[in-house]
$ cat coords-v3.tsv   # TSV, N, CA and C atoms
chain	number	residue	atom	x	y	z
A	22	TYR	N	-94.41	-100.68	-20.52
A	22	TYR	CA	-94.80	-100.22	-21.83
A	22	TYR	C	-94.23	-98.84	-22.05
A	23	PHE	N	-94.16	-98.46	-23.34
A	23	PHE	CA	-93.70	-97.12	-23.68
A	23	PHE	C	-94.81	-96.12	-23.37
A	24	ASN	N	-94.43	-94.99	-22.82
A	24	ASN	CA	-95.39	-93.96	-22.45
A	24	ASN	C	-95.19	-92.76	-23.38
A	25	GLY	N	-95.86	-92.79	-24.53
A	25	GLY	CA	-95.74	-91.71	-25.50
A	25	GLY	C	-94.82	-92.08	-26.65
A	26	GLY	N	-94.83	-91.24	-27.65
A	26	GLY	CA	-93.97	-91.44	-28.81
A	26	GLY	C	-94.55	-92.42	-29.81
A	27	GLU	N	-93.73	-92.77	-30.78
A	27	GLU	CA	-94.14	-93.65	-31.88
A	27	GLU	C	-94.63	-95.02	-31.40
A	28	TYR	N	-94.07	-95.52	-30.32
A	28	TYR	CA	-94.42	-96.86	-29.84
A	28	TYR	C	-95.27	-96.82	-28.58
A	29	SER	N	-95.99	-95.74	-28.37
A	29	SER	CA	-96.82	-95.57	-27.19
A	29	SER	C	-97.72	-96.78	-26.95
A	30	LYS	N	-97.75	-97.23	-25.71
A	30	LYS	CA	-98.55	-98.37	-25.23
A	30	LYS	C	-98.00	-99.73	-25.66
A	31	ASN	N	-96.90	-99.77	-26.41
A	31	ASN	CA	-96.27	-101.05	-26.76
A	31	ASN	C	-95.41	-101.53	-25.59
A	32	ASP	N	-95.28	-102.85	-25.50
A	32	ASP	CA	-94.42	-103.42	-24.48
A	32	ASP	C	-92.96	-103.09	-24.78
A	33	ILE	N	-92.17	-102.90	-23.75
A	33	ILE	CA	-90.75	-102.65	-23.91
A	33	ILE	C	-90.05	-103.99	-24.16
A	34	PRO	N	-89.23	-104.08	-25.20
A	34	PRO	CA	-88.56	-105.34	-25.50
A	34	PRO	C	-87.73	-105.86	-24.33
A	35	LEU	N	-87.72	-107.17	-24.18
A	35	LEU	CA	-86.99	-107.93	-23.16
A	35	LEU	C	-87.52	-107.72	-21.74
A	36	VAL	N	-88.63	-107.02	-21.58
A	36	VAL	CA	-89.22	-106.84	-20.25
A	36	VAL	C	-90.49	-107.69	-20.17
A	37	PRO	N	-90.49	-108.73	-19.33
A	37	PRO	CA	-91.67	-109.59	-19.24
A	37	PRO	C	-92.80	-108.90	-18.48
A	38	ARG	N	-94.02	-109.25	-18.80
A	38	ARG	CA	-95.16	-108.75	-18.02
A	38	ARG	C	-95.23	-109.44	-16.67
A	39	HIS	N	-94.76	-110.68	-16.61
A	39	HIS	CA	-94.83	-111.46	-15.37
A	39	HIS	C	-93.47	-112.06	-15.04
A	40	LYS	N	-93.12	-111.91	-13.78
A	40	LYS	CA	-91.90	-112.52	-13.25
A	40	LYS	C	-92.17	-112.84	-11.79
A	41	ALA	N	-91.79	-114.04	-11.36
A	41	ALA	CA	-92.05	-114.43	-9.98
A	41	ALA	C	-90.96	-115.36	-9.50
A	42	SER	N	-90.67	-115.29	-8.22
A	42	SER	CA	-89.74	-116.21	-7.58
A	42	SER	C	-90.39	-116.74	-6.32
A	43	VAL	N	-90.14	-117.99	-6.05
A	43	VAL	CA	-90.60	-118.60	-4.82
A	43	VAL	C	-89.48	-119.49	-4.30
A	44	GLY	N	-89.31	-119.48	-3.00
A	44	GLY	CA	-88.22	-120.26	-2.43
A	44	GLY	C	-88.54	-120.70	-1.03
A	45	PHE	N	-87.67	-121.53	-0.52
A	45	PHE	CA	-87.80	-121.96	0.87
A	45	PHE	C	-86.44	-122.23	1.46
A	46	ARG	N	-86.38	-122.17	2.77
A	46	ARG	CA	-85.17	-122.49	3.53
A	46	ARG	C	-85.53	-123.55	4.55
A	47	LEU	N	-84.79	-124.61	4.55
A	47	LEU	CA	-85.02	-125.72	5.47
A	47	LEU	C	-83.84	-125.80	6.42
A	48	ASN	N	-84.12	-125.69	7.72
A	48	ASN	CA	-83.08	-125.80	8.74
A	48	ASN	C	-82.87	-127.29	9.02
A	49	LEU	N	-81.80	-127.87	8.46
A	49	LEU	CA	-81.56	-129.30	8.60
A	49	LEU	C	-81.15	-129.66	10.03
A	50	PHE	N	-80.24	-128.91	10.57
A	50	PHE	CA	-79.86	-128.99	11.97
A	50	PHE	C	-79.07	-127.73	12.29
A	51	LYS	N	-78.65	-127.55	13.51
A	51	LYS	CA	-78.06	-126.29	13.95
A	51	LYS	C	-76.98	-125.78	13.00
A	52	GLY	N	-77.25	-124.62	12.40
A	52	GLY	CA	-76.28	-123.96	11.54
A	52	GLY	C	-76.22	-124.46	10.11
A	53	VAL	N	-77.02	-125.47	9.75
A	53	VAL	CA	-76.99	-126.02	8.40
A	53	VAL	C	-78.35	-125.82	7.75
A	54	PHE	N	-78.34	-125.15	6.59
A	54	PHE	CA	-79.59	-124.81	5.91
A	54	PHE	C	-79.54	-125.30	4.46
A	55	PHE	N	-80.70	-125.72	3.99
A	55	PHE	CA	-80.89	-126.06	2.59
A	55	PHE	C	-81.82	-125.02	2.00
A	56	ASN	N	-81.42	-124.38	0.90
A	56	ASN	CA	-82.20	-123.32	0.27
A	56	ASN	C	-82.51	-123.71	-1.18
A	57	MET	N	-83.71	-123.36	-1.63
A	57	MET	CA	-84.08	-123.58	-3.01
A	57	MET	C	-84.95	-122.42	-3.47
A	58	VAL	N	-84.68	-121.92	-4.69
A	58	VAL	CA	-85.45	-120.83	-5.26
A	58	VAL	C	-85.76	-121.17	-6.71
A	59	GLY	N	-87.03	-121.04	-7.06
A	59	GLY	CA	-87.46	-121.19	-8.45
A	59	GLY	C	-87.88	-119.83	-8.98
A	60	THR	N	-87.45	-119.50	-10.18
A	60	THR	CA	-87.77	-118.21	-10.79
A	60	THR	C	-88.45	-118.43	-12.13
A	61	TYR	N	-89.60	-117.80	-12.30
A	61	TYR	CA	-90.33	-117.83	-13.56
A	61	TYR	C	-90.22	-116.47	-14.22
A	62	VAL	N	-89.88	-116.45	-15.50
A	62	VAL	CA	-89.85	-115.22	-16.29
A	62	VAL	C	-90.76	-115.46	-17.49
A	63	GLY	N	-91.75	-114.62	-17.65
A	63	GLY	CA	-92.73	-114.77	-18.73
A	63	GLY	C	-92.17	-114.36	-20.08
A	64	SER	N	-92.97	-114.58	-21.10
A	64	SER	CA	-92.55	-114.24	-22.46
A	64	SER	C	-92.39	-112.72	-22.59
A	65	ARG	N	-91.57	-112.34	-23.55
A	65	ARG	CA	-91.33	-110.92	-23.79
A	65	ARG	C	-90.91	-110.74	-25.24
A	66	TYR	N	-91.00	-109.50	-25.72
A	66	TYR	CA	-90.61	-109.21	-27.09
A	66	TYR	C	-89.09	-109.17	-27.22
A	67	TYR	N	-88.62	-109.52	-28.40
A	67	TYR	CA	-87.20	-109.51	-28.68
A	67	TYR	C	-86.64	-108.09	-28.68
A	68	LEU	N	-85.35	-108.00	-28.37
A	68	LEU	CA	-84.65	-106.73	-28.46
A	68	LEU	C	-84.83	-106.18	-29.88
A	69	ASN	N	-84.97	-104.91	-30.02
A	69	ASN	CA	-85.17	-104.20	-31.29
A	69	ASN	C	-86.61	-104.24	-31.78
A	70	ASP	N	-87.50	-104.96	-31.13
A	70	ASP	CA	-88.90	-105.04	-31.60
A	70	ASP	C	-89.79	-104.08	-30.81
A	71	GLN	N	-89.48	-102.79	-30.90
A	71	GLN	CA	-90.28	-101.78	-30.21
A	71	GLN	C	-91.71	-101.73	-30.75
A	72	ALA	N	-91.90	-102.15	-32.01
A	72	ALA	CA	-93.23	-102.14	-32.62
A	72	ALA	C	-94.06	-103.35	-32.19
A	73	ASN	N	-93.45	-104.29	-31.50
A	73	ASN	CA	-94.12	-105.52	-31.07
A	73	ASN	C	-94.71	-106.26	-32.26
A	74	ALA	N	-93.96	-106.30	-33.37
A	74	ALA	CA	-94.44	-106.88	-34.62
A	74	ALA	C	-94.13	-108.36	-34.78
A	75	TYR	N	-93.22	-108.88	-33.97
A	75	TYR	CA	-92.78	-110.27	-34.10
A	75	TYR	C	-93.30	-111.09	-32.92
A	76	SER	N	-93.14	-112.40	-33.02
A	76	SER	CA	-93.55	-113.26	-31.91
A	76	SER	C	-92.72	-112.94	-30.67
A	77	ARG	N	-93.14	-113.48	-29.56
A	77	ARG	CA	-92.43	-113.24	-28.30
A	77	ARG	C	-91.39	-114.32	-28.04
A	78	LEU	N	-90.34	-113.94	-27.34
A	78	LEU	CA	-89.35	-114.87	-26.83
A	78	LEU	C	-90.02	-115.64	-25.70
A	79	GLY	N	-89.91	-116.95	-25.71
A	79	GLY	CA	-90.61	-117.77	-24.72
A	79	GLY	C	-90.15	-117.54	-23.29
A	80	GLY	N	-91.03	-117.82	-22.36
A	80	GLY	CA	-90.70	-117.72	-20.95
A	80	GLY	C	-89.90	-118.92	-20.51
A	81	TYR	N	-89.45	-118.87	-19.26
A	81	TYR	CA	-88.66	-119.99	-18.73
A	81	TYR	C	-88.76	-120.04	-17.21
A	82	ILE	N	-88.36	-121.19	-16.68
A	82	ILE	CA	-88.28	-121.41	-15.24
A	82	ILE	C	-86.89	-121.94	-14.93
A	83	VAL	N	-86.25	-121.36	-13.93
A	83	VAL	CA	-84.92	-121.80	-13.50
A	83	VAL	C	-84.96	-122.05	-12.00
A	84	THR	N	-84.32	-123.13	-11.57
A	84	THR	CA	-84.27	-123.49	-10.16
A	84	THR	C	-82.82	-123.46	-9.68
A	85	ASP	N	-82.58	-122.75	-8.59
A	85	ASP	CA	-81.25	-122.68	-7.98
A	85	ASP	C	-81.35	-123.23	-6.56
A	86	THR	N	-80.28	-123.85	-6.10
A	86	THR	CA	-80.29	-124.44	-4.76
A	86	THR	C	-78.91	-124.31	-4.13
A	87	ASN	N	-78.88	-124.35	-2.80
A	87	ASN	CA	-77.59	-124.42	-2.12
A	87	ASN	C	-77.77	-125.01	-0.73
A	88	ILE	N	-76.67	-125.43	-0.20
A	88	ILE	CA	-76.62	-125.87	1.20
A	88	ILE	C	-75.60	-124.97	1.88
A	89	MET	N	-75.97	-124.46	3.05
A	89	MET	CA	-75.13	-123.47	3.73
A	89	MET	C	-74.89	-123.89	5.17
A	90	TRP	N	-73.65	-123.71	5.61
A	90	TRP	CA	-73.28	-123.96	7.00
A	90	TRP	C	-72.85	-122.63	7.59
A	91	SER	N	-73.40	-122.31	8.74
A	91	SER	CA	-73.12	-121.05	9.40
A	91	SER	C	-72.58	-121.32	10.80
A	92	TYR	N	-71.47	-120.65	11.15
A	92	TYR	CA	-70.88	-120.78	12.48
A	92	TYR	C	-70.26	-119.45	12.87
A	93	LYS	N	-70.81	-118.85	13.92
A	93	LYS	CA	-70.39	-117.54	14.40
A	93	LYS	C	-70.37	-116.55	13.24
A	94	SER	N	-69.21	-115.99	12.89
A	94	SER	CA	-69.13	-114.98	11.83
A	94	SER	C	-68.86	-115.57	10.45
A	95	PHE	N	-68.78	-116.89	10.35
A	95	PHE	CA	-68.46	-117.55	9.09
A	95	PHE	C	-69.69	-118.21	8.47
A	96	LYS	N	-69.73	-118.18	7.14
A	96	LYS	CA	-70.73	-118.93	6.39
A	96	LYS	C	-70.02	-119.54	5.19
A	97	ILE	N	-70.34	-120.77	4.90
A	97	ILE	CA	-69.84	-121.42	3.70
A	97	ILE	C	-71.02	-122.05	3.00
A	98	ALA	N	-71.08	-121.90	1.69
A	98	ALA	CA	-72.22	-122.42	0.94
A	98	ALA	C	-71.73	-123.06	-0.36
A	99	PHE	N	-72.36	-124.17	-0.69
A	99	PHE	CA	-72.15	-124.83	-1.97
A	99	PHE	C	-73.47	-124.78	-2.71
A	100	GLY	N	-73.45	-124.25	-3.95
A	100	GLY	CA	-74.69	-124.07	-4.67
A	100	GLY	C	-74.67	-124.65	-6.07
A	101	ILE	N	-75.87	-124.89	-6.56
A	101	ILE	CA	-76.06	-125.33	-7.94
A	101	ILE	C	-77.08	-124.38	-8.57
A	102	ASN	N	-76.66	-123.69	-9.61
A	102	ASN	CA	-77.57	-122.81	-10.35
A	102	ASN	C	-78.08	-123.56	-11.58
A	103	ASN	N	-79.33	-123.30	-11.93
A	103	ASN	CA	-79.99	-123.99	-13.04
A	103	ASN	C	-79.93	-125.51	-12.81
A	104	LEU	N	-80.42	-125.90	-11.68
A	104	LEU	CA	-80.35	-127.29	-11.21
A	104	LEU	C	-80.83	-128.30	-12.26
A	105	PHE	N	-81.92	-128.00	-12.94
A	105	PHE	CA	-82.50	-128.94	-13.91
A	105	PHE	C	-82.01	-128.69	-15.34
A	106	GLU	N	-80.97	-127.87	-15.47
A	106	GLU	CA	-80.32	-127.57	-16.74
A	106	GLU	C	-81.29	-127.15	-17.84
A	107	SER	N	-82.13	-126.18	-17.50
A	107	SER	CA	-83.09	-125.63	-18.46
A	107	SER	C	-82.36	-124.91	-19.59
A	108	ASP	N	-82.84	-125.08	-20.81
A	108	ASP	CA	-82.32	-124.34	-21.95
A	108	ASP	C	-83.17	-123.08	-22.11
A	109	TYR	N	-82.54	-121.92	-22.01
A	109	TYR	CA	-83.29	-120.68	-22.13
A	109	TYR	C	-82.35	-119.56	-22.55
A	110	SER	N	-82.93	-118.46	-22.94
A	110	SER	CA	-82.16	-117.29	-23.35
A	110	SER	C	-82.75	-116.07	-22.67
A	111	GLU	N	-81.96	-115.43	-21.84
A	111	GLU	CA	-82.40	-114.18	-21.21
A	111	GLU	C	-82.33	-113.02	-22.20
A	112	TYR	N	-81.48	-113.15	-23.20
A	112	TYR	CA	-81.21	-112.05	-24.12
A	112	TYR	C	-81.29	-112.55	-25.54
A	113	ALA	N	-82.17	-111.98	-26.34
A	113	ALA	CA	-82.31	-112.36	-27.74
A	113	ALA	C	-82.87	-111.15	-28.50
A	114	GLY	N	-82.59	-111.11	-29.78
A	114	GLY	CA	-83.04	-109.97	-30.56
A	114	GLY	C	-83.57	-110.40	-31.91
A	115	VAL	N	-84.06	-109.42	-32.64
A	115	VAL	CA	-84.56	-109.66	-33.99
A	115	VAL	C	-84.06	-108.55	-34.89
A	116	ASN	N	-83.64	-108.93	-36.09
A	116	ASN	CA	-83.28	-107.94	-37.10
A	116	ASN	C	-84.58	-107.49	-37.73
A	117	VAL	N	-84.99	-106.25	-37.50
A	117	VAL	CA	-86.31	-105.79	-37.94
A	117	VAL	C	-86.40	-105.67	-39.47
A	118	ASP	N	-85.28	-105.67	-40.16
A	118	ASP	CA	-85.31	-105.62	-41.63
A	118	ASP	C	-85.55	-106.99	-42.24
A	119	THR	N	-84.96	-108.02	-41.64
A	119	THR	CA	-85.05	-109.37	-42.21
A	119	THR	C	-85.96	-110.31	-41.41
A	120	GLY	N	-86.24	-109.96	-40.16
A	120	GLY	CA	-87.03	-110.83	-39.29
A	120	GLY	C	-86.20	-111.95	-38.68
A	121	GLN	N	-84.91	-111.98	-38.96
A	121	GLN	CA	-84.04	-113.03	-38.42
A	121	GLN	C	-83.79	-112.79	-36.94
A	122	LYS	N	-83.99	-113.85	-36.16
A	122	LYS	CA	-83.81	-113.76	-34.70
A	122	LYS	C	-82.44	-114.30	-34.31
A	123	PHE	N	-81.87	-113.72	-33.26
A	123	PHE	CA	-80.59	-114.20	-32.74
A	123	PHE	C	-80.70	-114.35	-31.23
A	124	TYR	N	-79.99	-115.33	-30.70
A	124	TYR	CA	-80.10	-115.70	-29.29
A	124	TYR	C	-78.72	-115.75	-28.63
A	125	TYR	N	-78.69	-115.36	-27.38
A	125	TYR	CA	-77.51	-115.53	-26.54
A	125	TYR	C	-77.92	-116.52	-25.46
A	126	PRO	N	-77.44	-117.75	-25.53
A	126	PRO	CA	-77.88	-118.75	-24.55
A	126	PRO	C	-77.42	-118.41	-23.14
A	127	SER	N	-78.27	-118.70	-22.19
A	127	SER	CA	-77.92	-118.51	-20.78
A	127	SER	C	-77.20	-119.76	-20.29
A	128	PRO	N	-76.47	-119.64	-19.19
A	128	PRO	CA	-75.67	-120.77	-18.71
A	128	PRO	C	-76.51	-122.00	-18.38
A	129	GLY	N	-75.93	-123.16	-18.61
A	129	GLY	CA	-76.53	-124.40	-18.16
A	129	GLY	C	-76.29	-124.56	-16.67
A	130	ARG	N	-76.30	-125.77	-16.20
A	130	ARG	CA	-76.05	-126.02	-14.78
A	130	ARG	C	-74.64	-125.55	-14.43
A	131	SER	N	-74.52	-124.86	-13.30
A	131	SER	CA	-73.21	-124.41	-12.83
A	131	SER	C	-73.14	-124.59	-11.32
A	132	PHE	N	-71.93	-124.65	-10.83
A	132	PHE	CA	-71.69	-124.88	-9.41
A	132	PHE	C	-70.92	-123.70	-8.84
A	133	ASN	N	-71.16	-123.42	-7.57
A	133	ASN	CA	-70.43	-122.34	-6.94
A	133	ASN	C	-70.15	-122.67	-5.49
A	134	LEU	N	-69.10	-122.09	-4.99
A	134	LEU	CA	-68.70	-122.23	-3.58
A	134	LEU	C	-68.49	-120.82	-3.06
A	135	ARG	N	-69.10	-120.51	-1.93
A	135	ARG	CA	-69.03	-119.16	-1.39
A	135	ARG	C	-68.60	-119.23	0.08
A	136	LEU	N	-67.72	-118.33	0.46
A	136	LEU	CA	-67.28	-118.22	1.84
A	136	LEU	C	-67.50	-116.78	2.28
A	137	ASP	N	-68.22	-116.57	3.38
A	137	ASP	CA	-68.49	-115.24	3.91
A	137	ASP	C	-67.94	-115.13	5.32
A	138	TYR	N	-67.42	-113.97	5.63
A	138	TYR	CA	-67.01	-113.64	7.00
A	138	TYR	C	-67.56	-112.27	7.32
A	139	VAL	N	-68.32	-112.15	8.38
A	139	VAL	CA	-68.93	-110.89	8.79
A	139	VAL	C	-68.14	-110.34	9.96
A	140	PHE	N	-67.71	-109.07	9.84
A	140	PHE	CA	-66.98	-108.44	10.95
A	140	PHE	C	-67.51	-107.06	11.22
$ encode --input "coords-v3.tsv" --output "structure tokens"
Amino acid sequence: YFNGGEYSKNDIPLVPRHKASVGFRLNLFKGVFFNMVGTYVGSRYYLNDQANAYSRLGGYIVTDTNIMWSYKSFKIAFGINNLFESDYSEYAGVNVDTGQKFYYPSPGRSFNLRLDYVF
């Protein structure tokens, strides 16, 4: 929240009151791991709404997963972000003169491949 000024005690736009992540790692067999993380982001006020005069941008849940193989100094991982292809917007605003809201959609399901070498 804002501490002082015209908007004192109002929530800061785009900052949720609640955010949580929970995950687990499953050791499938030597050097092979399955990881999954779910992230919840609560509702928050739109960008530009310092007065907290408009409705809130809805919260969302996103699940990411990967499978990783580790051998000595090497790691290789294949991952899927937004596994369940949730539709959500991390960033959205409101025109305080007209009340018109605008959204920047967050990515749908995406895939990634990562290779790490530690030396």
$ atom_distance --input "coords-v3.tsv" --atom1 "atom C of Gly25 (chain A)" --atom2 "atom C of Tyr125 (chain A)"
29.7 Å
$ closest_residue --input "coords-v3.tsv" --among "A:Gly63, A:Gly120, A:Gly114, A:Gly100" --to "Pro37 (chain A)" --atoms "only N, CA and C atoms"
A:Gly63
$ residues_around --input "coords-v3.tsv" --residues "Asn69 (chain A)" --least-positions-apart "6" --cutoff "12 Å" --atoms "only C-alpha atoms" --output "list in words"
Tyr28, Asp32, Ile33, Pro34, Leu35, Tyr75, Arg77, Tyr112, Ala113, Gly114, Val115, Asn116, Val117, Asp118, Gly120, Gln121, Lys122 and Phe123 of chain A
$ select_by_dssp --input "coords-v3.tsv" --residues "chain A" --states "strand (DSSP E or B)" --output "ChimeraX atom specification"
/A:40-50,53-62,65-66,68,77-78,81-92,95-102,112-115,122-125,131-138
$ residues_around --input "coords-v3.tsv" --residues "Gly129 (chain A)" --least-positions-apart "3" --cutoff "12 Å" --atoms "only C-alpha atoms" --output "PyMOL selection string"
chain A and resi 83-85+101-110+126+132
